[in-house]
$ cat structure.txt   # compact mmCIF, C-alpha atoms
# COMPACT_ATOMS: atom_id res chain seq x y z
CA MET O 1 120.38 -83.61 83.64
CA GLY O 2 122.67 -84.24 80.69
CA LEU O 3 125.79 -83.22 78.81
CA ILE O 4 126.24 -80.17 76.60
CA LYS O 5 129.13 -80.45 74.19
CA ALA O 6 131.41 -77.48 74.74
CA ILE O 7 134.76 -78.02 73.05
CA SER O 8 135.95 -80.73 70.70
CA GLY O 9 139.58 -81.71 70.58
CA SER O 10 142.21 -81.32 73.28
CA ILE O 11 141.39 -81.47 76.96
CA GLY O 12 142.04 -78.50 79.23
CA GLY O 13 141.02 -75.74 76.83
CA VAL O 14 139.52 -72.29 77.28
CA MET O 15 136.96 -73.44 79.86
CA ALA O 16 139.68 -73.85 82.49
CA ASP O 17 138.66 -70.58 84.17
CA GLN O 18 134.93 -71.32 84.16
CA TRP O 19 134.45 -74.78 85.64
CA LYS O 20 133.33 -75.60 89.15
CA GLU O 21 134.45 -79.22 89.08
CA TYR O 22 136.60 -80.80 86.40
CA PHE O 23 136.39 -84.56 85.79
CA TYR O 24 139.08 -86.20 83.67
CA CYS O 25 140.99 -89.44 83.09
CA GLU O 26 144.62 -89.97 82.22
CA ALA O 27 145.59 -92.56 79.59
CA ILE O 28 144.01 -95.88 80.58
CA PRO O 29 146.57 -98.74 80.80
CA ALA O 30 145.95 -101.85 78.71
CA ASP O 31 145.28 -103.97 81.82
CA VAL O 32 142.50 -101.64 83.06
CA LEU O 33 138.99 -101.93 81.60
CA VAL O 34 137.17 -99.40 83.81
CA THR O 35 138.49 -96.61 86.00
CA LYS O 36 136.84 -93.96 88.14
CA GLY O 37 137.25 -90.37 86.95
CA HIS O 38 139.57 -87.97 88.74
CA LYS O 39 138.04 -84.72 90.02
CA LYS O 40 139.58 -81.28 90.39
CA VAL O 41 137.59 -78.81 92.49
CA SER O 42 137.83 -75.04 92.01
CA GLY O 43 136.90 -72.26 94.42
CA ARG O 44 133.57 -71.76 92.58
CA SER O 45 132.28 -75.21 93.54
CA SER O 46 129.77 -75.55 96.37
CA ASN O 47 130.65 -79.23 96.75
CA THR O 48 133.68 -79.42 99.03
CA VAL O 49 132.97 -82.69 100.81
CA ASP O 50 131.24 -85.41 98.74
CA ASP O 51 133.26 -87.01 95.91
CA ASN O 52 130.16 -88.80 94.65
CA VAL O 53 128.09 -85.75 93.72
CA ILE O 54 128.50 -83.82 90.45
CA THR O 55 127.85 -80.10 90.73
CA ASN O 56 125.68 -78.53 88.04
CA GLY O 57 127.91 -76.74 85.52
CA SER O 58 130.92 -78.98 86.03
CA VAL O 59 133.14 -79.90 83.09
CA ILE O 60 133.79 -83.50 82.08
CA ALA O 61 136.65 -84.28 79.67
CA VAL O 62 136.79 -87.32 77.37
CA ALA O 63 139.93 -88.46 75.54
CA ASP O 64 140.25 -90.65 72.43
CA GLY O 65 139.86 -94.36 73.14
CA GLN O 66 137.70 -93.68 76.18
CA CYS O 67 133.99 -93.82 76.88
CA MET O 68 132.72 -91.82 79.83
CA VAL O 69 129.52 -92.73 81.66
CA ILE O 70 127.74 -90.93 84.48
CA VAL O 71 126.09 -93.23 86.99
CA ASP O 72 123.27 -91.91 89.15
CA GLN O 73 122.14 -94.17 91.98
CA GLY O 74 123.61 -97.21 90.21
CA LYS O 75 122.02 -96.43 86.81
CA VAL O 76 123.82 -95.14 83.72
CA VAL O 77 122.25 -91.79 82.84
CA ASP O 78 124.75 -90.17 80.45
CA LEU O 79 127.34 -91.58 78.06
CA CYS O 80 129.98 -90.05 75.81
CA ALA O 81 132.67 -91.64 73.59
CA GLU O 82 133.48 -88.55 71.51
CA PRO O 83 136.71 -86.77 72.50
CA GLY O 84 136.12 -83.29 73.88
CA GLU O 85 134.95 -81.32 76.92
CA TYR O 86 131.32 -81.31 78.09
CA THR O 87 129.32 -79.26 80.56
CA TYR O 88 127.09 -81.13 82.98
CA ASP O 89 123.67 -79.51 82.93
CA MET O 90 121.00 -80.83 85.31
CA SER O 91 118.20 -79.12 83.34
CA THR O 92 118.70 -81.12 80.11
CA GLU O 93 117.65 -84.62 79.04
CA PRO O 94 120.00 -87.61 79.33
CA SER O 95 122.47 -87.67 76.45
CA VAL O 96 124.44 -90.19 74.41
CA PHE O 97 127.50 -89.20 72.36
CA ASP O 98 129.01 -92.37 70.91
CA GLY O 99 130.57 -91.01 67.70
CA GLY O 100 129.52 -94.18 65.89
CA LYS O 101 132.30 -96.07 67.68
CA LEU O 102 130.28 -98.37 69.91
CA GLY O 103 127.82 -101.22 69.43
CA LYS O 104 124.76 -100.82 67.22
CA ASN O 105 122.36 -101.74 70.03
CA LEU O 106 123.77 -99.16 72.44
CA LEU O 107 120.86 -96.69 72.09
CA ALA O 108 118.28 -99.41 72.62
CA VAL O 109 120.05 -100.58 75.77
CA PHE O 110 120.29 -96.99 77.01
CA GLN O 111 116.55 -96.52 76.58
CA ASN O 112 115.85 -99.66 78.61
CA ILE O 113 118.50 -99.33 81.34
CA GLY O 114 119.68 -95.72 81.47
CA LYS O 115 116.60 -94.19 83.07
CA ARG O 116 116.76 -90.98 85.03
CA PHE O 117 115.44 -90.99 88.58
CA THR O 118 114.00 -88.02 90.47
CA PHE O 119 114.13 -87.60 94.20
CA GLY O 120 111.41 -85.03 94.94
CA GLY O 121 113.75 -82.10 94.42
CA GLU O 122 116.43 -83.52 96.71
CA ILE O 123 120.08 -83.38 95.65
CA PRO O 124 121.28 -86.77 94.32
CA LYS O 125 123.16 -88.80 96.92
CA ASP O 126 125.44 -90.91 94.70
CA GLN O 127 126.77 -89.82 91.31
CA ARG O 128 129.92 -91.25 89.76
CA VAL O 129 131.95 -90.71 86.61
CA TYR O 130 133.56 -93.81 85.10
CA TYR O 131 135.82 -94.12 82.08
CA PHE O 132 135.77 -97.30 79.99
CA ASN O 133 138.69 -98.49 77.89
CA VAL O 134 137.13 -98.93 74.44
CA LYS O 135 140.40 -99.55 72.62
CA GLU O 136 141.39 -103.01 71.42
CA ILE O 137 142.49 -105.20 74.34
CA PRO O 138 145.21 -107.44 72.81
CA GLY O 139 147.49 -110.19 74.08
CA ASN O 140 144.90 -112.66 75.39
CA LYS O 141 146.59 -116.02 75.00
CA TYR O 142 144.64 -119.24 74.59
CA GLY O 143 145.42 -122.90 74.08
CA THR O 144 143.30 -126.03 73.89
CA PRO O 145 144.04 -128.03 77.09
CA ALA O 146 143.01 -131.22 75.31
CA PRO O 147 142.81 -132.13 71.61
CA VAL O 148 139.57 -131.04 69.91
CA PRO O 149 137.89 -132.87 67.00
CA PHE O 150 138.36 -131.54 63.49
CA ARG O 151 137.20 -132.95 60.17
CA MET O 152 140.12 -132.79 57.75
CA VAL O 153 139.43 -132.97 54.01
CA ASP O 154 142.14 -133.13 51.35
CA ARG O 155 140.78 -133.02 47.79
CA ARG O 156 144.10 -132.59 46.05
CA GLU O 157 144.83 -134.77 43.02
CA ASN O 158 144.88 -138.49 43.90
CA MET O 159 144.31 -137.72 47.62
CA ASN O 160 140.55 -137.62 48.34
CA ILE O 161 141.02 -137.90 52.12
CA ASP O 162 138.10 -137.27 54.47
CA LEU O 163 139.15 -137.98 58.04
CA ASP O 164 138.13 -136.99 61.60
CA ILE O 165 141.23 -136.08 63.60
CA ASN O 166 142.12 -134.39 66.90
CA ILE O 167 144.10 -131.15 66.92
CA ARG O 168 145.65 -128.75 69.41
CA CYS O 169 145.54 -125.01 68.75
CA PHE O 170 147.40 -122.12 70.35
CA GLY O 171 147.37 -118.37 69.72
CA GLU O 172 146.09 -114.99 70.88
CA TYR O 173 142.88 -113.01 70.53
CA SER O 174 141.82 -109.45 71.24
CA TYR O 175 138.47 -107.99 72.24
CA LYS O 176 136.77 -104.61 72.65
CA ILE O 177 134.11 -103.23 74.94
CA THR O 178 131.40 -102.18 72.49
CA ASN O 179 128.60 -101.49 74.96
CA PRO O 180 129.84 -99.88 78.21
CA ILE O 181 126.29 -99.77 79.62
CA LEU O 182 125.99 -103.55 79.56
CA PHE O 183 129.54 -103.97 80.85
CA TYR O 184 128.82 -101.70 83.81
CA THR O 185 125.40 -103.21 84.52
CA ASN O 186 126.36 -106.90 84.29
CA VAL O 187 130.11 -107.00 84.94
CA SER O 188 131.95 -104.20 86.69
CA GLY O 189 129.31 -102.24 88.62
CA ASN O 190 130.57 -99.53 90.96
CA VAL O 191 134.29 -99.82 91.62
CA LYS O 192 136.40 -97.92 94.10
CA GLN O 193 139.03 -97.09 91.48
CA ASN O 194 139.83 -99.69 88.74
CA TYR O 195 138.29 -102.80 87.22
CA MET O 196 141.17 -104.91 85.87
CA ARG O 197 141.05 -107.22 82.87
CA SER O 198 142.48 -110.01 85.04
CA GLU O 199 139.18 -110.13 86.92
CA ILE O 200 137.32 -111.48 83.88
CA ASP O 201 140.01 -112.93 81.60
CA SER O 202 139.82 -116.46 83.02
CA GLN O 203 136.05 -116.67 82.55
CA MET O 204 136.20 -115.26 79.03
CA LYS O 205 139.00 -117.64 78.01
CA SER O 206 137.08 -120.63 79.34
CA GLU O 207 133.97 -119.63 77.39
CA LEU O 208 136.01 -118.99 74.23
CA LEU O 209 137.62 -122.45 74.33
CA THR O 210 134.18 -124.01 74.79
CA LYS O 211 132.90 -122.33 71.63
CA LEU O 212 136.14 -122.81 69.68
CA GLN O 213 135.33 -126.46 69.02
CA LYS O 214 132.00 -125.48 67.42
CA ALA O 215 133.74 -122.80 65.38
CA PHE O 216 136.25 -125.36 64.09
CA GLY O 217 133.33 -127.62 63.17
CA THR O 218 131.82 -124.85 61.04
CA ILE O 219 135.14 -123.99 59.37
CA SER O 220 135.81 -127.67 58.61
CA GLN O 221 132.75 -127.64 56.35
CA LYS O 222 134.89 -125.65 53.92
CA GLN O 223 136.76 -128.95 53.37
CA ILE O 224 140.24 -127.76 54.24
CA ARG O 225 143.35 -129.31 55.77
CA TYR O 226 144.00 -128.49 59.42
CA SER O 227 147.28 -126.82 58.45
CA GLU O 228 145.22 -124.22 56.51
CA LEU O 229 143.39 -122.96 59.63
CA PRO O 230 145.68 -119.89 59.99
CA LEU O 231 144.28 -118.72 56.62
CA TYR O 232 140.75 -118.55 58.07
CA THR O 233 141.28 -116.46 61.23
CA VAL O 234 138.78 -113.78 60.13
CA GLU O 235 136.09 -116.40 59.55
CA ILE O 236 136.87 -118.03 62.90
CA ALA O 237 136.56 -114.66 64.69
CA ASP O 238 133.20 -114.00 63.01
CA GLU O 239 131.97 -117.47 63.93
CA LEU O 240 133.10 -117.07 67.56
CA ASN O 241 131.32 -113.70 67.82
CA GLU O 242 128.15 -115.32 66.55
CA LEU O 243 128.44 -118.32 68.88
CA MET O 244 129.23 -116.19 71.94
CA SER O 245 126.79 -113.37 71.22
CA ALA O 246 124.54 -114.34 74.13
CA GLU O 247 127.37 -114.50 76.70
CA TRP O 248 129.60 -111.69 75.43
CA ARG O 249 127.88 -109.18 73.16
CA ASP O 250 124.32 -109.28 74.48
CA LYS O 251 125.15 -109.74 78.16
CA ARG O 252 128.53 -108.08 78.71
CA GLY O 253 128.85 -105.71 75.74
CA VAL O 254 132.12 -107.32 74.61
CA GLU O 255 133.07 -108.58 71.13
CA ILE O 256 136.10 -110.36 69.70
CA PHE O 257 138.13 -107.91 67.64
CA SER O 258 140.77 -110.25 66.17
CA PHE O 259 141.73 -113.90 66.43
CA GLY O 260 145.18 -115.29 65.70
CA ILE O 261 146.56 -118.83 65.43
CA SER O 262 150.25 -119.26 66.19
CA SER O 263 150.34 -123.05 65.88
CA VAL O 264 148.00 -125.93 65.16
CA THR O 265 149.08 -129.56 65.36
CA ALA O 266 147.47 -132.96 65.07
CA THR O 267 148.15 -135.72 67.58
CA GLU O 268 151.07 -138.02 66.74
CA GLU O 269 148.67 -140.88 66.03
CA ASP O 270 146.55 -138.80 63.65
CA GLU O 271 149.62 -137.31 61.96
CA LYS O 272 150.87 -140.83 61.27
CA ARG O 273 147.47 -141.85 59.86
CA ILE O 274 147.39 -138.81 57.58
CA LYS O 275 150.86 -139.49 56.20
CA GLU O 276 150.04 -143.15 55.59
CA MET O 277 146.82 -142.24 53.76
CA GLN O 278 148.58 -139.56 51.71
CA GLN O 279 151.31 -142.01 50.78
CA ALA O 280 148.79 -144.68 49.85
CA ALA O 281 146.82 -142.17 47.79
CA ALA O 282 149.98 -140.99 46.02
CA PHE O 283 150.85 -144.59 45.10
CA THR O 284 147.63 -144.97 43.13
CA ASN O 285 149.70 -143.22 40.49
CA ALA O 286 151.89 -146.08 39.18
CA THR O 287 154.62 -143.73 37.94
CA ALA O 288 154.95 -142.10 41.38
CA ALA O 289 155.04 -145.54 43.04
CA GLY O 290 157.75 -146.71 40.61
CA ALA O 291 159.85 -143.63 41.29
CA TRP O 292 159.56 -144.21 45.06
CA ILE O 293 160.62 -147.87 44.76
CA ALA O 294 163.50 -146.96 42.46
CA SER O 295 164.72 -144.33 44.92
CA ASN O 296 164.51 -146.66 47.92
CA THR O 297 166.09 -149.53 45.98
CA GLY O 298 169.05 -147.29 45.18
CA ALA O 299 169.43 -146.38 48.85
CA ALA O 300 169.28 -150.05 49.85
CA MET O 301 171.91 -150.90 47.26
CA GLN O 302 174.24 -148.23 48.67
CA THR O 303 173.76 -149.62 52.18
CA ALA O 304 174.50 -153.15 50.98
CA ALA O 305 177.60 -152.05 49.12
CA ALA O 306 178.91 -150.29 52.23
CA ASN O 307 178.52 -153.41 54.37
CA GLU O 308 181.95 -154.23 55.80
CA GLY O 309 180.97 -157.12 58.03
CA GLY O 310 179.79 -160.62 57.31
CA MET O 311 180.71 -161.82 53.83
CA GLY O 312 182.54 -158.60 52.97
CA ALA O 313 182.73 -157.61 49.32
CA MET O 314 181.07 -160.77 48.07
CA GLY O 315 178.06 -160.23 50.32
CA ALA O 316 177.88 -156.62 49.17
CA PHE O 317 177.87 -157.61 45.51
CA MET O 318 175.27 -160.32 46.16
CA GLY O 319 173.05 -157.74 47.89
CA LEU O 320 173.65 -155.31 45.07
CA ASN O 321 172.62 -157.87 42.47
CA MET O 322 169.52 -158.93 44.39
CA GLY O 323 168.49 -155.28 44.90
CA GLN O 324 168.96 -154.54 41.21
CA THR O 325 166.94 -157.57 40.21
CA MET O 326 163.98 -157.22 42.59
CA GLY O 327 163.75 -153.45 42.78
CA GLY O 328 164.46 -152.98 39.11
CA ASN O 329 161.75 -155.40 38.06
CA MET O 330 159.13 -153.80 40.34
CA ALA O 331 160.04 -150.29 39.26
CA SER O 332 160.00 -151.28 35.58
CA ASN O 333 156.59 -152.86 35.95
CA LEU O 334 155.23 -149.79 37.71
CA PHE O 335 156.68 -147.42 35.12
CA ALA O 336 155.03 -149.56 32.41
CA MET O 337 151.72 -149.34 34.31
CA GLY O 338 152.16 -145.58 34.54
CA GLN O 339 152.60 -145.33 30.79
CA GLN O 340 149.48 -147.42 30.30
CA GLN O 341 147.52 -145.14 32.68
CA ALA O 342 148.71 -142.07 30.83
CA ALA O 343 147.78 -143.62 27.48
CA ALA O 344 144.34 -144.59 28.78
CA GLN O 345 143.74 -141.10 30.13
CA ALA O 346 144.82 -139.56 26.84
CA GLN O 347 142.53 -141.88 24.93
CA ALA O 348 139.61 -141.13 27.25
CA ALA O 349 140.14 -137.40 26.95
CA PRO O 350 137.88 -135.70 24.41
CA GLN O 351 139.64 -135.21 21.11
CA ALA O 352 140.04 -131.67 19.94
CA PRO O 353 138.37 -131.07 16.61
CA SER O 354 140.62 -130.85 13.58
CA GLY O 355 141.48 -127.54 12.01
CA ASP O 356 139.20 -128.06 8.98
CA THR O 357 135.90 -127.66 10.81
CA TRP O 358 132.92 -125.40 10.53
CA THR O 359 130.01 -124.54 12.81
CA CYS O 360 126.47 -124.85 11.53
CA SER O 361 123.72 -122.37 12.37
CA CYS O 362 122.24 -125.07 14.65
CA GLY O 363 125.40 -125.08 16.75
CA SER O 364 126.91 -128.40 15.64
CA VAL O 365 130.61 -128.60 14.75
CA ASN O 366 131.17 -130.48 11.48
CA THR O 367 133.99 -131.55 9.19
CA GLY O 368 132.07 -132.57 6.00
CA LYS O 369 130.10 -130.63 3.43
CA PHE O 370 126.79 -131.06 5.26
CA CYS O 371 125.75 -130.72 8.90
CA SER O 372 125.46 -134.08 10.64
CA ASN O 373 122.69 -132.70 12.88
CA CYS O 374 120.33 -130.78 10.58
CA GLY O 375 121.64 -131.49 7.05
CA ASN O 376 122.35 -127.89 6.09
CA ALA O 377 125.09 -127.39 3.53
CA LYS O 378 128.43 -125.96 4.51
CA PRO O 379 128.38 -122.22 3.82
CA GLU O 380 130.64 -120.95 1.06
CA ALA O 381 133.85 -119.34 2.24
CA PRO O 382 134.00 -115.60 1.54
CA ALA O 383 136.04 -114.66 -1.49
CA LYS O 384 139.60 -113.59 -0.74
CA LYS O 385 140.36 -109.91 -1.16
CA PHE O 386 143.72 -108.41 -2.12
CA CYS O 387 145.15 -104.90 -2.18
CA THR O 388 145.49 -103.53 -5.73
CA ASN O 389 148.60 -101.57 -4.71
CA CYS O 390 150.81 -104.01 -2.76
CA GLY O 391 149.00 -107.33 -3.30
CA SER O 392 148.55 -108.09 0.41
CA GLN O 393 145.53 -110.14 1.42
CA VAL O 394 143.02 -108.12 3.45
CA GLU O 395 139.92 -108.99 5.43
CA ALA O 396 136.55 -108.82 3.77
CA GLY O 397 134.93 -105.45 4.40
CA ALA O 398 138.24 -103.63 5.02
CA LYS O 399 138.32 -100.10 3.56
CA PHE O 400 142.09 -99.60 3.71
CA CYS O 401 145.06 -101.93 3.27
CA PRO O 402 146.72 -102.62 6.67
CA ASN O 403 150.07 -103.01 4.90
CA CYS O 404 150.37 -99.89 2.67
CA GLY O 405 147.29 -97.80 3.61
CA ASN O 406 145.86 -97.90 0.08
CA LYS O 407 142.15 -97.16 -0.12
CA LEU O 408 140.33 -100.28 -1.23
CA ALA O 409 137.53 -100.33 -3.74

$ encode --input "structure.txt" --output "structure tokens"
Amino acid sequence: MGLIKAISGSIGGVMADQWKEYFYCEAIPADVLVTKGHKKVSGRSSNTVDDNVITNGSVIAVADGQCMVIVDQGKVVDLCAEPGEYTYDMSTEPSVFDGGKLGKNLLAVFQNIGKRFTFGGEIPKDQRVYYFNVKEIPGNKYGTPAPVPFRMVDRRENMNIDLDINIRCFGEYSYKITNPILFYTNVSGNVKQNYMRSEIDSQMKSELLTKLQKAFGTISQKQIRYSELPLYTVEIADELNELMSAEWRDKRGVEIFSFGISSVTATEEDEKRIKEMQQAAAFTNATAAGAWIASNTGAAMQTAAANEGGMGAMGAFMGLNMGQTMGGNMASNLFAMGQQQAAAQAQAAPQAPSGDTWTCSCGSVNTGKFCSNCGNAKPEAPAKKFCTNCGSQVEAGAKFCPNCGNKLA
């Protein structure tokens, strides 16, 4: 028993007048993962009663985005994911047409699970045709019910923050059925008509959120800020596939196709800590600290000058004078410290060699007549060469003048 490929391409072709039974499936909705095939019976079929027996010579149609499996006594015996029409032939070996679209371990699983049974020449009692939705299944929303730990690292200039925080993450992911044999064997089994995605979504989402914390832990080793997580969605999807391979890929034949992050936020407490640490790190630069104090002093002076109560104008001018004195002195001192820091950094920076330097054959850069490393004398500069026609200086070894084209001696 097996499938013989008859016609590739559109369904309902020239074999319409030859089939005994015709199995097909309309477009599978996005909320359906598995559906039982529809059967049309012609006058040539000997099977007029049992819907769960496939007559030899029947035609089975497969559309794009579908994977058809034939189940015999609860075991997958034939599989096809290539669009086209196929003849069911009981005299051939079990067949697999996956078109390179399904999981890499599909053939190995088929060899272990999809075994053909014989019944001493008796007609099979229970044969079914199922169609699996092997397109991307999008729109699976997720959200962390409680904050999850994340190591945030900020190595920007003057920051150097390494902090464990708690974040919340929300978004969507999509998945694909990459091994219909495993999905049928361990998840859906025989269904009367449809197996809906809602029957497994809750379990899959729970398992994904459990592994998401470990995936974040791996991504945090890249030493990034939590706000940069949306830039690493591909890496997160790969990490989740690896972490969930035992539960999803190897057991159910399902893999994450894409992973999206719509928002990621830290708790209010952690956000406050981050801002305080960033501000403190920024103020290690005296010039930046002076600019901040000068700006805030100016704002305080404007508030004092606008004060209409109390001592009125006199109080405003007193506040203005005090603000100018205290804030101005602090800002001036910090600006002076900033200049000293800049001067120290410039002095500590390696000095660029002067223009009148030469490199010895030993690799040392020198300014005198002899190498300070090996004592070799400075090589003589090549004699200057001029064009005899226009007088322009030319490079040594040049055959023609770049200015007038004169051939040089």

$ closest_residue --input "structure.txt" --among "O:Gly143, O:Gly397, O:Gly74, O:Gly375" --to "Leu212 (chain O)" --atoms "all atoms listed in the file"
O:Gly143

$ residues_around --input "structure.txt" --residues "Tyr173 (chain O)" --least-positions-apart "6" --cutoff "9 Å" --atoms "all atoms listed in the file" --output "count of residues only"
13

$ closest_residue --input "structure.txt" --among "O:Val59, O:Asp356, O:Ile161, O:Leu243" --to "Gly368 (chain O)" --atoms "only C-alpha atoms"
O:Asp356

$ closest_atom_pairs --input "structure.txt" --of "region 137-254 of chain O" --to "region 34-39 of chain O" --cutoff "7 Å" --atoms "all atoms listed in the file" --output "tab-separated table"
residue	atom	partner	partner_atom	distance
O:Gln193	CA	O:Lys36	CA	5.1
O:Asn194	CA	O:Thr35	CA	4.3
O:Tyr195	CA	O:Val34	CA	4.9

$ closest_residue --input "structure.txt" --among "O:Leu182, O:Cys67, O:Met90, O:Val77" --to "Thr55 (chain O)" --atoms "only C-alpha atoms"
O:Met90

$ atom_distance --input "structure.txt" --atom1 "CA of Lys205 (chain O)" --atom2 "CA of Ala266 (chain O)"
21.8 Å

$ atom_distance --input "structure.txt" --atom1 "CA of Phe183 (chain O)" --atom2 "CA of Ala61 (chain O)"
21.0 Å

$ atom_distance --input "structure.txt" --atom1 "CA of Gly65 (chain O)" --atom2 "CA of Asp78 (chain O)"
17.3 Å

$ closest_residue --input "structure.txt" --among "O:Gln127, O:Val191, O:Gln66, O:Pro147" --to "Ile177 (chain O)" --atoms "all atoms listed in the file"
O:Gln66

$ closest_residue --input "structure.txt" --among "O:Val254, O:Ala377, O:Cys25, O:Leu79" --to "Asp201 (chain O)" --atoms "all atoms listed in the file"
O:Val254

$ closest_residue --input "structure.txt" --among "O:Gln213, O:Leu33, O:Cys80, O:Ser206" --to "Phe132 (chain O)" --atoms "only C-alpha atoms"
O:Leu33

$ residues_around --input "structure.txt" --residues "Asn241 (chain O)" --least-positions-apart "4" --cutoff "10 Å" --atoms "all atoms listed in the file" --output "ChimeraX atom specification"
/O:208,211,215,235-237,245-249,254-257

$ residues_near_point --input "structure.txt" --point "(145.4, -140.1, 63.1)" --cutoff "12 Å" --atoms "all atoms listed in the file" --output "PyMOL selection string"
chain O and resi 147+149-152+162-167+265-278
